[in-house]
Amino acid sequence: MTTQLRAEYPRPQHVRQSWINLNGEWEFEFDDADVGQGQKWQLGEKAFSQRIQVPFAFQSKLSGIADPDFHDRVWYRKQVVLPEAFTGKRILLHFGAVDYESTVWVNGQQVAYHEGGHTPFCADVTDTLKSGDNTIVVKAVDYSQDVTLPRGKQYWLHDSASIFYTRTTGIWQTVWMEAVAPVHLEKVKFTPHLDTNQIEIEAYLQGDLTKSGIALKVHISFEGQPVVSDTYAVKSSQVTRMIGLHDFNDHGLGRWWSPEKPSLYDVQFTVVQDGQPVDEVSSYFGMRKVSIEGGKLSLNNRPYQMKLVLDQGYFPDGNLTPPSDDAIRRDVELTKEMGFNGARKHQKIEDPRYLYWCDKLGLLVWGEAPNAYQYSSKYVRRFTKEWQEAVERDYNHPCIVVWVPLNESWGVPNILIDKQQQQHALTMYYLTKSLDPTRPVISNDGWEMVETDLYNIHDYEWREEVLAQRYGSVEAAVAARPANRELSAGGYAYDGQPILVTEFGGIAYKKSEWEGWGYSGADNDEDFVAKVEAVIKPIRLSKAVQGYCYTQLTDVEQEINGLLTYDRNPKVPLEMIRAINEGRSVK
């Protein structure tokens, strides 16, 4: 019997106690000839010939299959017996992420269809269940060679190359079931108002709310000490309250969230019906504010230099899926130990457990969409839908401080002169701000920007003196053309936004068996440290630049430009990188 991998609770901001994890062994089948549905595999009567370890995609080693070939139609089958504690409850079946399209049947009845490879979905499967064995069947369809598909770094050719990596097809995040009351808390939205020290709570309930006697209890505590307890009558599916947090002698100032002090409030929600608790959910929030004050990028109303590292979120054995919760936490710890206060999760909507550890341990995150490579009207529909789901899923995390819907003109390759593609970038900018007015939004990270809150530049120049001159003043920075690209798209220009260098470095240094490349190279430890310092120092000291993002945290497949190897071993002592980030002497 194999040990179940990824057994931790998958949704740390909306925790219920009554749940079962469905990760582990599932039956599995390739369907290259696309015959499965015609042969009624969805009925669950056919036994599949292979076994796979969910939630790892078949391309990964941890799946037990490790097949790198194109298989764009795959099927999963699992039999589940529900625990006694689920009796009399509504049963929800959850999928963290399935790449790219997924259809789900329970006992032969379709219960869900979802499009989008990086966002969650769930279905109420209560009415399809029976006593004893219940059969879940999942069909996943990918489009591996469609360059208009929002896929991030997954390559559309057979072998990884350049900046593109191994594909992910099918289930790649946790699958689980939970039991809820007919009337239950569907979701919660937290909006911190730092200036007035209030938390705005929007609670959304599901079920028959026409009955009287339904209420929502909210209990907020900080480090075990009660802060607020109140009960609100439920008259509709949405309950909104603005709650003051003024009970502390320091007026809450010591309870603000930051990388240096990641303070979190715990929240317990209880849905009450006729005086009895019927649903309990645990959550948390952080009081923090990210803003632009007088042209300065600020955290909690103070100018704040963001020192980020580019993080692709890939793992040697799991590809896009981290092998364990400990591995997720260790990535956050390693990032902080090197003196970075944040990470730009690159071309990936990250596992919620990663965001949880960033909330808990204190690491800023830039939430970035996996982009397509070419533009089409179908791409616009797909991408817009999935991005809205991503912003909704991750809105509550205090660690997320910036949204990045587009990167380096991916999906909009002609944005410099194409008005339609410019309008798409503008749409994503304003759409994101309509969903979340509390965080800065970048229209197109790196170059060819339209309307944007931050003016972000990608620059892989490696000579210290060139970087010092290029970023010696705002005028020089905005006049630069790194990668021979215009920083603003046609008709747009720099308008006083904070300037950040959000990709630079990329120094290749081989410290493992992996062969690969980088944007520049180093020959030994001493040379590597000197070259890292040569690119970070002028950016860190620049009076024109307010933050940076070094490429990158780890080696990934054929890219060996990480500060760590692919299996997370430091190439040089972590303290040396911390000293560079902090402007201290490197010893």
# chains A, B, ... in the order shown; residues from 1 in each chain; ligands from 1

call {"tool": "select_by_dssp", "arguments": {"residues": "range 231-333 of chain A", "states": "helix (DSSP H, G or I)", "output": "VMD selection string"}}
result
chain A and resid 253 to 255 325 to 333

call {"tool": "residues_around", "arguments": {"residues": "range 380-387 of chain A", "least_positions_apart": "2", "cutoff": "10 Å", "atoms": "only C-alpha atoms", "output": "ChimeraX atom specification"}}
result
/A:115-120,148-151,349,368-372,375-378,389-393,405,411,421,424,427-428,431-432

call {"tool": "write_last_selection", "arguments": {"atoms": "C-alpha atoms", "output": "compact mmCIF listing (two decimals), in the first residue's frame"}}
result
# COMPACT_ATOMS: atom_id res chain seq x y z
CA GLU A 115 -12.55 24.85 -18.85
CA GLY A 116 -9.27 26.30 -17.61
CA GLY A 117 -6.18 24.43 -16.52
CA HIS A 118 -5.21 26.34 -13.40
CA THR A 119 -8.34 27.18 -11.41
CA PRO A 120 -10.62 25.13 -9.11
CA THR A 148 -3.48 30.28 -28.27
CA LEU A 149 -4.18 28.21 -25.14
CA PRO A 150 -3.32 29.88 -21.80
CA ARG A 151 -0.61 27.43 -20.78
CA ILE A 349 -1.43 30.24 -10.74
CA GLU A 368 0.64 36.19 -12.52
CA ALA A 369 -1.48 34.46 -15.13
CA PRO A 370 -0.27 31.61 -17.32
CA ASN A 371 -0.37 33.25 -20.73
CA ALA A 372 -0.95 31.99 -24.24
CA TYR A 375 -3.72 35.95 -30.03
CA SER A 376 -7.20 34.85 -31.12
CA SER A 377 -10.79 35.59 -30.15
CA LYS A 378 -11.03 32.12 -28.62
CA GLU A 389 -11.51 32.72 -11.46
CA ALA A 390 -7.88 33.14 -10.34
CA VAL A 391 -8.43 36.62 -8.89
CA GLU A 392 -11.54 35.41 -7.07
CA ARG A 393 -9.73 32.35 -5.66
CA PRO A 405 -2.36 39.37 -16.19
CA GLY A 411 -0.68 36.25 -26.24
CA GLN A 421 -4.32 43.65 -28.86
CA HIS A 424 -7.21 43.43 -24.85
CA THR A 427 -9.40 45.21 -20.84
CA MET A 428 -7.36 42.91 -18.61
CA LEU A 431 -11.17 44.10 -15.54
CA THR A 432 -8.65 43.19 -12.84

call {"tool": "closest_residue", "arguments": {"among": "A:Gly491, A:Pro226, A:Pro10, A:Pro262", "to": "Ile417 in chain A", "atoms": "only C-alpha atoms"}}
result
A:Gly491

call {"tool": "closest_residue", "arguments": {"among": "A:Phe164, A:Tyr9, A:Trp447, A:Phe285", "to": "Ile415 in chain A", "atoms": "only C-alpha atoms"}}
result
A:Trp447

call {"tool": "closest_residue", "arguments": {"among": "A:Ile136, A:Leu363, A:Leu564, A:Leu194", "to": "Met306 in chain A", "atoms": "only C-alpha atoms"}}
result
A:Leu363

call {"tool": "residues_around", "arguments": {"residues": "range 505-518 of chain A", "least_positions_apart": "3", "cutoff": "8 Å", "atoms": "only C-alpha atoms", "output": "PyMOL selection string"}}
result
chain A and resi 459-462+521-524+528+531-532+535-536+550-552+557-562+565+571

call {"tool": "write_last_selection", "arguments": {"atoms": "C-alpha atoms", "output": "tab-separated table (two decimals), in the first residue's frame"}}
result
chain	number	residue	atom	x	y	z
A	459	ASP	CA	16.75	43.70	-18.62
A	460	TYR	CA	19.32	40.87	-18.80
A	461	GLU	CA	22.34	43.15	-19.17
A	462	TRP	CA	25.11	41.73	-16.99
A	521	GLY	CA	27.48	32.55	-17.26
A	522	ALA	CA	29.75	31.94	-14.28
A	523	ASP	CA	32.76	29.61	-13.99
A	524	ASN	CA	33.02	28.98	-10.25
A	528	PHE	CA	28.99	33.42	-9.60
A	531	LYS	CA	28.27	38.36	-11.08
A	532	VAL	CA	25.12	38.17	-8.95
A	535	VAL	CA	23.66	42.92	-11.38
A	536	ILE	CA	21.80	43.35	-8.08
A	550	TYR	CA	16.01	38.50	-9.87
A	551	THR	CA	15.85	35.59	-12.32
A	552	GLN	CA	15.56	33.03	-10.78
A	557	GLU	CA	14.99	21.55	-16.59
A	558	GLN	CA	17.33	23.02	-19.24
A	559	GLU	CA	17.60	26.42	-17.52
A	560	ILE	CA	20.50	26.48	-15.08
A	561	ASN	CA	20.25	30.14	-14.08
A	562	GLY	CA	18.86	29.51	-10.61
A	565	THR	CA	19.71	23.75	-8.23
A	571	LYS	CA	24.76	26.91	-5.37

call {"tool": "residues_around", "arguments": {"residues": "Tyr76 in chain A", "least_positions_apart": "4", "cutoff": "10 Å", "atoms": "only C-alpha atoms", "output": "PyMOL selection string"}}
result
chain A and resi 25-30+41-42+44+47-48+50-52+54+104+136-140+170-171

call {"tool": "closest_residue", "arguments": {"among": "A:Gln39, A:Met177, A:Lys289, A:Gln53", "to": "Ile65 in chain A", "atoms": "only C-alpha atoms"}}
result
A:Gln53

call {"tool": "closest_residue", "arguments": {"among": "A:Gly152, A:Gly547, A:Gly213, A:Pro573", "to": "Leu320 in chain A", "atoms": "only C-alpha atoms"}}
result
A:Gly152

call {"tool": "atom_distance", "arguments": {"atom1": "CA of Leu500 in chain A", "atom2": "CA of Trp257 in chain A"}}
result
22.5 Å

call {"tool": "residues_around", "arguments": {"residues": "Trp256 in chain A", "least_positions_apart": "2", "cutoff": "10 Å", "atoms": "only C-alpha atoms", "output": "PyMOL selection string"}}
result
chain A and resi 194+197+252-254+258+261-265+286-289+300

call {"tool": "closest_residue", "arguments": {"among": "A:Val402, A:Leu93, A:Val278, A:Ala544", "to": "Gln497 in chain A", "atoms": "only C-alpha atoms"}}
result
A:Ala544

call {"tool": "residues_around", "arguments": {"residues": "Arg167 in chain A", "least_positions_apart": "6", "cutoff": "10 Å", "atoms": "only C-alpha atoms", "output": "short mmCIF file (atom, residue, chain, number, x, y, z; two decimals) with C-alpha atoms, in the first residue's frame"}}
result
data_model
loop_
_atom_site.label_atom_id
_atom_site.label_comp_id
_atom_site.auth_asym_id
_atom_site.auth_seq_id
_atom_site.Cartn_x
_atom_site.Cartn_y
_atom_site.Cartn_z
CA ALA A 57 0.16 14.60 -14.10
CA PHE A 58 1.14 11.57 -16.15
CA GLN A 59 4.20 13.41 -17.50
CA SER A 60 5.75 13.55 -14.00
CA PRO A 68 6.51 12.75 -21.93
CA ASP A 69 4.62 12.04 -25.16
CA PHE A 70 1.51 13.83 -26.40
CA ASP A 99 -5.49 20.89 -17.25
CA ASP A 142 -5.63 19.13 -23.30
CA SER A 144 -0.86 20.60 -26.20
CA ARG A 151 -0.61 27.43 -20.78
CA GLY A 152 2.29 29.38 -19.28
CA LYS A 153 5.65 27.65 -19.64
CA GLN A 154 4.30 24.33 -20.97
CA TYR A 155 5.94 23.69 -24.34
CA TRP A 156 3.92 22.85 -27.44
CA LEU A 157 6.82 20.85 -28.95
CA HIS A 158 7.82 17.39 -27.74
CA ASP A 159 11.00 18.23 -25.84
CA SER A 160 11.60 21.09 -23.45
CA ASN A 319 6.60 19.22 -12.58
CA LEU A 320 3.92 21.86 -11.77
#

call {"tool": "select_by_dssp", "arguments": {"residues": "range 1-197 of chain A", "states": "strand (DSSP E)", "output": "ChimeraX atom specification"}}
result
/A:19-21,24-30,50-54,73-81,90-95,98-99,101-106,109-115,121-124,133-141,170-171,175-180,184-193

call {"tool": "residues_around", "arguments": {"residues": "Asp317 in chain A", "least_positions_apart": "4", "cutoff": "12 Å", "atoms": "only C-alpha atoms", "output": "list in words"}}
result
Phe56, Ala57, Phe58, Gln59, Ser60, Lys61, Leu62, Ser63, Gly64, Ile65, Ala66, Thr166, Thr321, Pro322, Pro323, Ser324, Ala327, Val556, Glu557, Tyr566 and Asp567 of chain A

call {"tool": "decode", "arguments": {"residues": "range 73-104 of chain A", "atoms": "N, CA and C atoms", "output": "short mmCIF file (atom, residue, chain, number, x, y, z; two decimals), in the first residue's frame"}}
result
data_model
loop_
_atom_site.label_atom_id
_atom_site.label_comp_id
_atom_site.auth_asym_id
_atom_site.auth_seq_id
_atom_site.Cartn_x
_atom_site.Cartn_y
_atom_site.Cartn_z
N ARG A 73 -6.00 13.32 -24.52
CA ARG A 73 -7.25 12.86 -23.90
C ARG A 73 -6.93 11.75 -22.92
N VAL A 74 -7.27 11.98 -21.66
CA VAL A 74 -6.97 10.99 -20.62
C VAL A 74 -8.20 10.82 -19.73
N TRP A 75 -8.31 9.62 -19.17
CA TRP A 75 -9.44 9.29 -18.31
C TRP A 75 -8.95 8.80 -16.95
N TYR A 76 -9.73 9.11 -15.93
CA TYR A 76 -9.47 8.67 -14.56
C TYR A 76 -10.71 7.97 -14.02
N ARG A 77 -10.49 6.99 -13.15
CA ARG A 77 -11.62 6.30 -12.51
C ARG A 77 -11.24 5.94 -11.09
N LYS A 78 -12.15 6.21 -10.14
CA LYS A 78 -11.89 5.87 -8.75
C LYS A 78 -13.20 5.51 -8.06
N GLN A 79 -13.15 4.49 -7.22
CA GLN A 79 -14.32 4.11 -6.43
C GLN A 79 -14.14 4.61 -4.99
N VAL A 80 -15.21 5.20 -4.47
CA VAL A 80 -15.16 5.86 -3.18
C VAL A 80 -16.34 5.39 -2.33
N VAL A 81 -16.06 5.05 -1.09
CA VAL A 81 -17.11 4.77 -0.11
C VAL A 81 -17.12 5.94 0.87
N LEU A 82 -18.28 6.55 1.03
CA LEU A 82 -18.36 7.73 1.89
C LEU A 82 -18.40 7.35 3.36
N PRO A 83 -17.78 8.14 4.21
CA PRO A 83 -17.82 7.85 5.65
C PRO A 83 -19.22 8.08 6.22
N GLU A 84 -19.49 7.45 7.35
CA GLU A 84 -20.80 7.58 8.00
C GLU A 84 -21.11 9.03 8.35
N ALA A 85 -20.07 9.79 8.65
CA ALA A 85 -20.27 11.18 9.06
C ALA A 85 -20.88 12.03 7.94
N PHE A 86 -20.83 11.56 6.71
CA PHE A 86 -21.38 12.31 5.58
C PHE A 86 -22.89 12.11 5.43
N THR A 87 -23.44 11.16 6.15
CA THR A 87 -24.87 10.83 6.02
C THR A 87 -25.74 12.03 6.35
N GLY A 88 -26.69 12.32 5.49
CA GLY A 88 -27.63 13.40 5.70
C GLY A 88 -27.11 14.77 5.32
N LYS A 89 -25.89 14.83 4.78
CA LYS A 89 -25.29 16.10 4.38
C LYS A 89 -25.33 16.25 2.85
N ARG A 90 -25.12 17.48 2.41
CA ARG A 90 -24.84 17.73 1.00
C ARG A 90 -23.36 17.44 0.78
N ILE A 91 -23.04 16.76 -0.33
CA ILE A 91 -21.67 16.34 -0.58
C ILE A 91 -21.12 17.11 -1.78
N LEU A 92 -20.00 17.80 -1.56
CA LEU A 92 -19.35 18.57 -2.61
C LEU A 92 -18.07 17.87 -3.04
N LEU A 93 -17.89 17.76 -4.35
CA LEU A 93 -16.69 17.16 -4.93
C LEU A 93 -15.84 18.29 -5.52
N HIS A 94 -14.60 18.40 -5.06
CA HIS A 94 -13.73 19.52 -5.42
C HIS A 94 -12.52 19.05 -6.24
N PHE A 95 -12.13 19.87 -7.20
CA PHE A 95 -10.91 19.67 -7.96
C PHE A 95 -10.08 20.95 -7.88
N GLY A 96 -8.84 20.84 -7.41
CA GLY A 96 -7.99 22.01 -7.30
C GLY A 96 -7.62 22.58 -8.65
N ALA A 97 -7.25 21.71 -9.59
CA ALA A 97 -6.96 22.13 -10.96
C ALA A 97 -6.83 20.90 -11.84
N VAL A 98 -7.41 21.00 -13.04
CA VAL A 98 -7.33 19.95 -14.06
C VAL A 98 -7.02 20.65 -15.38
N ASP A 99 -5.95 20.24 -16.03
CA ASP A 99 -5.49 20.89 -17.25
C ASP A 99 -5.85 20.03 -18.47
N TYR A 100 -6.71 20.50 -19.43
CA TYR A 100 -7.20 21.86 -19.52
C TYR A 100 -8.73 21.88 -19.39
N GLU A 101 -9.43 21.03 -20.15
CA GLU A 101 -10.88 20.86 -20.02
C GLU A 101 -11.17 19.58 -19.26
N SER A 102 -12.19 19.61 -18.44
CA SER A 102 -12.51 18.41 -17.67
C SER A 102 -14.01 18.21 -17.59
N THR A 103 -14.40 16.96 -17.69
CA THR A 103 -15.79 16.55 -17.50
C THR A 103 -15.79 15.47 -16.42
N VAL A 104 -16.75 15.56 -15.49
CA VAL A 104 -16.77 14.66 -14.34
C VAL A 104 -18.13 13.96 -14.27
#
